[in-house]
Amino acid sequence: MKPKAIYLVLCFVGAMLPYWQFIPWVMQHGMNLPLFVRELFANRISAFFGMDVLVSGVVLIAFMRVESRRVAVPWRWLPVLALLTVGVSLALPLFLYMREVRLKQVKVMQNTALPA
């Protein structure tokens, strides 16, 4: 399986699994942000995971910013939107997919630009 296909599958999984847990919670509690934060940091193990995801999100934004400029990834705002609406589990494979597409385009352009 090619990386591009793997990243697309991971986008699906990365969107579905978090929302599988989040949607029932929202249906039960509504968009109660104070309760969300309180439950996210309810104990040390959940706080561990919460902090890990927050730090991973910041690192991912830095990585996406640097790499999208280097490779000239178009629509680089899309993975940021994915990060803010779903999380790292969608944003990272989406960015890697977009980067893979761009690298393929660059490779094709370089191959066609070579003199025969």
# chains A, B, ... in the order shown; residues from 1 in each chain; ligands from 1
call {"tool": "residues_around", "arguments": {"residues": "Leu94 of chain A", "least_positions_apart": "3", "cutoff": "12 Å", "atoms": "only C-alpha atoms", "output": "ChimeraX atom specification"}}
result
/A:3-15,60,64,73,75-83,86-91,97-101
call {"tool": "closest_atom_pairs", "arguments": {"of": "segment 92-114 of chain A", "to": "segment 66-71 of chain A", "cutoff": "9 Å", "atoms": "only C-alpha atoms", "output": "JSON lines"}}
result
{"residue": "A:Phe95", "atom": "CA", "partner": "A:Ser68", "partner_atom": "CA", "distance": 8.7}
{"residue": "A:Arg99", "atom": "CA", "partner": "A:Val71", "partner_atom": "CA", "distance": 7.3}
{"residue": "A:Arg102", "atom": "CA", "partner": "A:Val71", "partner_atom": "CA", "distance": 7.2}
{"residue": "A:Leu103", "atom": "CA", "partner": "A:Val71", "partner_atom": "CA", "distance": 7.1}
{"residue": "A:Val106", "atom": "CA", "partner": "A:Val71", "partner_atom": "CA", "distance": 8.6}
call {"tool": "write_last_selection", "arguments": {"atoms": "C-alpha atoms", "output": "PDB file, in the first residue's frame"}}
result
ATOM      1  CA  PHE A  95      -1.046  16.952   6.241  1.00  0.00           C
ATOM      2  CA  ARG A  99       2.549  16.700   1.456  1.00  0.00           C
ATOM      3  CA  ARG A 102       2.721  17.832  -3.473  1.00  0.00           C
ATOM      4  CA  LEU A 103       5.988  15.868  -3.521  1.00  0.00           C
ATOM      5  CA  VAL A 106       7.140  18.298  -7.819  1.00  0.00           C
TER       6      VAL A 106
END
call {"tool": "select_by_dssp", "arguments": {"residues": "chain A", "states": "alpha helix (DSSP H)", "output": "NGL selection string"}}
result
:A and (3-29 or 33-40 or 44-71 or 77-85 or 88-113)
call {"tool": "atom_distance", "arguments": {"atom1": "atom CA of Trp25 of chain A", "atom2": "atom CA of Leu96 of chain A"}}
result
29.5 Å
